[in-house]
$ cat run_27.pdb   # PDB, C-alpha atoms
ATOM      1  CA  MET L 593      24.374 -10.232-112.695  1.00  0.00           C
ATOM      2  CA  LEU L 594      21.962 -11.580-110.077  1.00  0.00           C
ATOM      3  CA  GLU L 595      24.550 -11.144-107.327  1.00  0.00           C
ATOM      4  CA  SER L 596      25.104  -7.473-108.133  1.00  0.00           C
ATOM      5  CA  SER L 597      21.321  -6.804-108.184  1.00  0.00           C
ATOM      6  CA  THR L 598      20.942  -8.381-104.751  1.00  0.00           C
ATOM      7  CA  ALA L 599      23.896  -6.383-103.433  1.00  0.00           C
ATOM      8  CA  LYS L 600      22.354  -3.143-104.757  1.00  0.00           C
ATOM      9  CA  ILE L 601      19.017  -3.898-103.067  1.00  0.00           C
ATOM     10  CA  ARG L 602      20.701  -4.671 -99.744  1.00  0.00           C
ATOM     11  CA  SER L 603      22.865  -1.547 -99.868  1.00  0.00           C
ATOM     12  CA  LYS L 604      19.882   0.779-100.381  1.00  0.00           C
ATOM     13  CA  GLY L 605      17.926  -0.055 -97.237  1.00  0.00           C
ATOM     14  CA  TRP L 606      18.008  -1.346 -93.711  1.00  0.00           C
ATOM     15  CA  SER L 607      18.006  -5.025 -93.143  1.00  0.00           C
ATOM     16  CA  TRP L 608      15.466  -6.036 -90.521  1.00  0.00           C
ATOM     17  CA  MET L 609      17.708  -8.797 -89.105  1.00  0.00           C
ATOM     18  CA  PRO L 610      20.274  -6.579 -87.318  1.00  0.00           C
ATOM     19  CA  LEU L 611      17.463  -4.370 -86.048  1.00  0.00           C
ATOM     20  CA  ALA L 612      15.548  -7.392 -84.696  1.00  0.00           C
ATOM     21  CA  ALA L 613      18.699  -8.698 -83.022  1.00  0.00           C
ATOM     22  CA  ALA L 614      19.329  -5.318 -81.385  1.00  0.00           C
ATOM     23  CA  VAL L 615      15.748  -5.109 -80.116  1.00  0.00           C
ATOM     24  CA  ALA L 616      15.964  -8.675 -78.756  1.00  0.00           C
ATOM     25  CA  MET L 617      19.204  -7.867 -76.946  1.00  0.00           C
ATOM     26  CA  ILE L 618      17.594  -4.838 -75.323  1.00  0.00           C
ATOM     27  CA  LEU L 619      14.286  -6.505 -74.396  1.00  0.00           C
ATOM     28  CA  ALA L 620      15.530  -9.944 -73.289  1.00  0.00           C
ATOM     29  CA  PRO L 621      16.944  -8.799 -69.929  1.00  0.00           C
ATOM     30  CA  ALA L 622      13.779  -6.812 -69.234  1.00  0.00           C
ATOM     31  CA  LEU L 623      11.580  -9.817 -70.006  1.00  0.00           C
ATOM     32  CA  ILE L 624      13.694 -12.177 -67.921  1.00  0.00           C
ATOM     33  CA  SER L 625      13.745  -9.741 -65.039  1.00  0.00           C
ATOM     34  CA  THR L 626       9.944  -9.287 -65.269  1.00  0.00           C
ATOM     35  CA  ALA L 627       9.425 -13.057 -65.234  1.00  0.00           C
ATOM     36  CA  ALA L 628      11.756 -13.447 -62.270  1.00  0.00           C
ATOM     37  CA  ARG L 629       9.942 -10.701 -60.393  1.00  0.00           C
ATOM     38  CA  ALA L 630       6.565 -12.334 -61.136  1.00  0.00           C
ATOM     39  CA  ALA L 631       7.824 -15.659 -59.781  1.00  0.00           C
ATOM     40  CA  GLU L 632       9.174 -13.887 -56.693  1.00  0.00           C
ATOM     41  CA  VAL L 633       5.851 -12.137 -56.102  1.00  0.00           C
ATOM     42  CA  ASP L 634       3.993 -15.442 -56.433  1.00  0.00           C
ATOM     43  CA  LEU L 635       6.320 -17.082 -53.918  1.00  0.00           C
ATOM     44  CA  LYS L 636       5.853 -14.177 -51.537  1.00  0.00           C
ATOM     45  CA  ALA L 637       2.066 -14.475 -51.893  1.00  0.00           C
ATOM     46  CA  ALA L 638       2.337 -18.229 -51.331  1.00  0.00           C
ATOM     47  CA  ALA L 639       4.421 -17.650 -48.195  1.00  0.00           C
ATOM     48  CA  SER L 640       1.738 -15.307 -46.898  1.00  0.00           C
ATOM     49  CA  ASN L 641      -1.005 -17.819 -47.749  1.00  0.00           C
ATOM     50  CA  PHE L 642       0.979 -20.563 -46.005  1.00  0.00           C
ATOM     51  CA  SER L 643       1.465 -18.412 -42.919  1.00  0.00           C
ATOM     52  CA  ASP L 644      -2.233 -17.512 -42.802  1.00  0.00           C
ATOM     53  CA  SER L 645      -3.710 -20.947 -43.542  1.00  0.00           C
ATOM     54  CA  CYS L 646      -1.150 -23.720 -43.037  1.00  0.00           C
ATOM     55  CA  ALA L 647       1.339 -22.702 -40.370  1.00  0.00           C
ATOM     56  CA  ASP L 648      -1.003 -23.365 -37.432  1.00  0.00           C
ATOM     57  CA  CYS L 649      -0.637 -27.085 -38.150  1.00  0.00           C
ATOM     58  CA  HIS L 650       2.510 -27.389 -40.283  1.00  0.00           C
ATOM     59  CA  GLY L 651       4.522 -24.731 -38.427  1.00  0.00           C
ATOM     60  CA  GLU L 652       6.132 -21.603 -39.886  1.00  0.00           C
ATOM     61  CA  SER L 653       9.239 -23.625 -40.753  1.00  0.00           C
ATOM     62  CA  GLY L 654       7.229 -26.520 -42.252  1.00  0.00           C
ATOM     63  CA  LYS L 655       8.307 -29.113 -39.682  1.00  0.00           C
ATOM     64  CA  GLY L 656       4.744 -30.179 -38.797  1.00  0.00           C
ATOM     65  CA  ASP L 657       5.050 -28.557 -35.386  1.00  0.00           C
ATOM     66  CA  GLY L 658       2.488 -25.758 -35.531  1.00  0.00           C
ATOM     67  CA  LYS L 659       0.581 -24.649 -32.442  1.00  0.00           C
ATOM     68  CA  LYS L 660      -2.443 -26.809 -33.391  1.00  0.00           C
ATOM     69  CA  ALA L 661      -0.419 -29.894 -34.384  1.00  0.00           C
ATOM     70  CA  ALA L 662      -0.665 -31.486 -30.922  1.00  0.00           C
ATOM     71  CA  GLU L 663      -4.489 -31.412 -31.123  1.00  0.00           C
ATOM     72  CA  LEU L 664      -4.585 -33.505 -34.311  1.00  0.00           C
ATOM     73  CA  LYS L 665      -4.899 -37.295 -34.490  1.00  0.00           C
ATOM     74  CA  THR L 666      -2.401 -37.409 -37.321  1.00  0.00           C
ATOM     75  CA  LYS L 667       0.818 -35.399 -37.113  1.00  0.00           C
ATOM     76  CA  PRO L 668       0.987 -32.868 -39.953  1.00  0.00           C
ATOM     77  CA  ARG L 669       3.526 -33.607 -42.670  1.00  0.00           C
ATOM     78  CA  ASP L 670       7.079 -32.420 -42.063  1.00  0.00           C
ATOM     79  CA  TYR L 671       7.963 -30.559 -45.263  1.00  0.00           C
ATOM     80  CA  THR L 672      11.623 -30.402 -44.258  1.00  0.00           C
ATOM     81  CA  ASN L 673      11.933 -34.210 -44.524  1.00  0.00           C
ATOM     82  CA  CYS L 674      13.523 -34.414 -47.972  1.00  0.00           C
ATOM     83  CA  ALA L 675      13.461 -38.215 -48.101  1.00  0.00           C
ATOM     84  CA  GLU L 676       9.671 -38.176 -47.771  1.00  0.00           C
ATOM     85  CA  MET L 677       9.009 -35.038 -49.812  1.00  0.00           C
ATOM     86  CA  THR L 678      10.892 -36.294 -52.874  1.00  0.00           C
ATOM     87  CA  LYS L 679       8.452 -39.232 -53.030  1.00  0.00           C
ATOM     88  CA  LEU L 680       5.499 -36.880 -53.432  1.00  0.00           C
ATOM     89  CA  THR L 681       4.620 -35.383 -56.808  1.00  0.00           C
ATOM     90  CA  ASP L 682       3.502 -31.801 -57.221  1.00  0.00           C
ATOM     91  CA  ASP L 683       0.152 -33.125 -58.487  1.00  0.00           C
ATOM     92  CA  TYR L 684      -0.282 -35.148 -55.296  1.00  0.00           C
ATOM     93  CA  LEU L 685       0.476 -32.129 -53.091  1.00  0.00           C
ATOM     94  CA  PHE L 686      -1.831 -29.965 -55.208  1.00  0.00           C
ATOM     95  CA  ASN L 687      -4.695 -32.449 -54.832  1.00  0.00           C
ATOM     96  CA  VAL L 688      -4.215 -32.833 -51.069  1.00  0.00           C
ATOM     97  CA  ILE L 689      -4.226 -29.056 -50.595  1.00  0.00           C
ATOM     98  CA  LYS L 690      -7.196 -28.532 -52.901  1.00  0.00           C
ATOM     99  CA  GLY L 691      -9.376 -31.457 -51.837  1.00  0.00           C
ATOM    100  CA  GLY L 692      -8.102 -32.139 -48.329  1.00  0.00           C
ATOM    101  CA  GLY L 693      -6.538 -35.259 -46.881  1.00  0.00           C
ATOM    102  CA  LYS L 694      -9.743 -37.303 -46.940  1.00  0.00           C
ATOM    103  CA  SER L 695     -10.053 -36.860 -50.730  1.00  0.00           C
ATOM    104  CA  MET L 696      -6.674 -38.574 -51.133  1.00  0.00           C
ATOM    105  CA  GLY L 697      -7.246 -41.347 -48.577  1.00  0.00           C
ATOM    106  CA  LYS L 698      -5.288 -39.495 -45.916  1.00  0.00           C
ATOM    107  CA  SER L 699      -6.233 -37.861 -42.626  1.00  0.00           C
ATOM    108  CA  LYS L 700      -9.420 -35.815 -42.533  1.00  0.00           C
ATOM    109  CA  ASP L 701      -7.469 -33.447 -40.274  1.00  0.00           C
ATOM    110  CA  MET L 702      -5.958 -31.994 -43.445  1.00  0.00           C
ATOM    111  CA  ALA L 703      -8.592 -29.455 -44.496  1.00  0.00           C
ATOM    112  CA  ASP L 704      -9.486 -28.776 -48.120  1.00  0.00           C
ATOM    113  CA  PHE L 705      -8.508 -25.368 -49.433  1.00  0.00           C
ATOM    114  CA  GLY L 706     -10.115 -25.580 -52.880  1.00  0.00           C
ATOM    115  CA  LYS L 707     -12.630 -22.870 -51.994  1.00  0.00           C
ATOM    116  CA  ALA L 708     -10.160 -20.663 -50.154  1.00  0.00           C
ATOM    117  CA  PHE L 709      -7.555 -20.579 -52.947  1.00  0.00           C
ATOM    118  CA  ASP L 710      -7.714 -20.694 -56.719  1.00  0.00           C
ATOM    119  CA  ASP L 711      -5.619 -23.233 -58.631  1.00  0.00           C
ATOM    120  CA  GLY L 712      -2.803 -20.738 -59.213  1.00  0.00           C
ATOM    121  CA  GLU L 713      -2.550 -20.004 -55.511  1.00  0.00           C
ATOM    122  CA  ILE L 714      -2.528 -23.721 -54.726  1.00  0.00           C
ATOM    123  CA  HIS L 715       0.306 -24.231 -57.227  1.00  0.00           C
ATOM    124  CA  GLY L 716       2.082 -21.399 -55.405  1.00  0.00           C
ATOM    125  CA  LEU L 717       1.601 -23.213 -52.096  1.00  0.00           C
ATOM    126  CA  VAL L 718       3.063 -26.389 -53.614  1.00  0.00           C
ATOM    127  CA  ALA L 719       6.103 -24.418 -54.804  1.00  0.00           C
ATOM    128  CA  TYR L 720       6.462 -22.792 -51.400  1.00  0.00           C
ATOM    129  CA  VAL L 721       6.184 -26.104 -49.547  1.00  0.00           C
ATOM    130  CA  ARG L 722       8.996 -27.415 -51.759  1.00  0.00           C
ATOM    131  CA  THR L 723      11.290 -24.660 -50.454  1.00  0.00           C
ATOM    132  CA  PHE L 724      11.338 -26.255 -46.985  1.00  0.00           C
ATOM    133  CA  CYS L 725      13.287 -29.260 -48.223  1.00  0.00           C
ATOM    134  CA  LYS L 726      16.897 -28.110 -48.488  1.00  0.00           C
ATOM    135  CA  LYS L 727      19.117 -30.982 -49.578  1.00  0.00           C
TER     136      LYS L 727
END

$ encode --input "run_27.pdb" --output "structure tokens"
Amino acid sequence: MLESSTAKIRSKGWSWMPLAAAVAMILAPALISTAARAAEVDLKAAASNFSDSCADCHGESGKGDGKKAAELKTKPRDYTNCAEMTKLTDDYLFNVIKGGGKSMGKSKDMADFGKAFDDGEIHGLVAYVRTFCKK
């Protein structure tokens, strides 16, 4: 008796489960594509920030050979050196960019960018710097 009552209730209306699944199937690609576009925009902004603020010392290709590199006491880091870059954590890179080299016991030639960029932009720079190391 209980089974037939449940069957009658289900047959009279829409079940929300198939509808929810259909909506999820339609929205999922849009959400993924929006997230991918947001990440791409952030990386593009980071590339622009790098070009404007970092490339003079680190070089456009991240090799540490920018036009001002020769003037510095300490050679800027070569971001294309995968063996060295894999030893550095994202937190370390973030802190060096934000607080400057001196704040991390490194060269004072590495300026601090904590006032020039917000934390999100600095995280973007870290992600962009990571793109130079192609294993």

$ residues_around --input "run_27.pdb" --residues "L:Val718" --least-positions-apart "5" --cutoff "7 Å" --atoms "only C-alpha atoms" --output "list in words"
Asp682, Leu685 and Phe686 of chain L

$ resolve_selection --input "run_27.pdb" --expression "the PyMOL selection byres ((chain L and resi 654) around 9)" --output "ChimeraX atom specification"
/L:646-647,649-653,655-658,669-672,721,724-725

$ closest_residue --input "run_27.pdb" --among "L:Lys667, L:Lys636, L:Lys660, L:Lys679" --to "L:Lys700" --atoms "all atoms listed in the file"
L:Lys667

$ residues_around --input "run_27.pdb" --residues "stretch 708-711 of chain L" --least-positions-apart "5" --cutoff "9 Å" --atoms "only C-alpha atoms" --output "VMD selection string"
chain L and resid 641 686 690 716

$ closest_residue --input "run_27.pdb" --among "L:Leu717, L:Gly712, L:Thr666, L:Leu635" --to "L:Val688" --atoms "all atoms listed in the file"
L:Leu717

$ atom_distance --input "run_27.pdb" --atom1 "atom CA of L:Tyr684" --atom2 "atom CA of L:Glu713"
15.3 Å

$ atom_distance --input "run_27.pdb" --atom1 "atom CA of L:Asp704" --atom2 "atom CA of L:Ile689"
5.8 Å

$ atom_distance --input "run_27.pdb" --atom1 "atom CA of L:Thr723" --atom2 "atom CA of L:Asn687"
18.3 Å
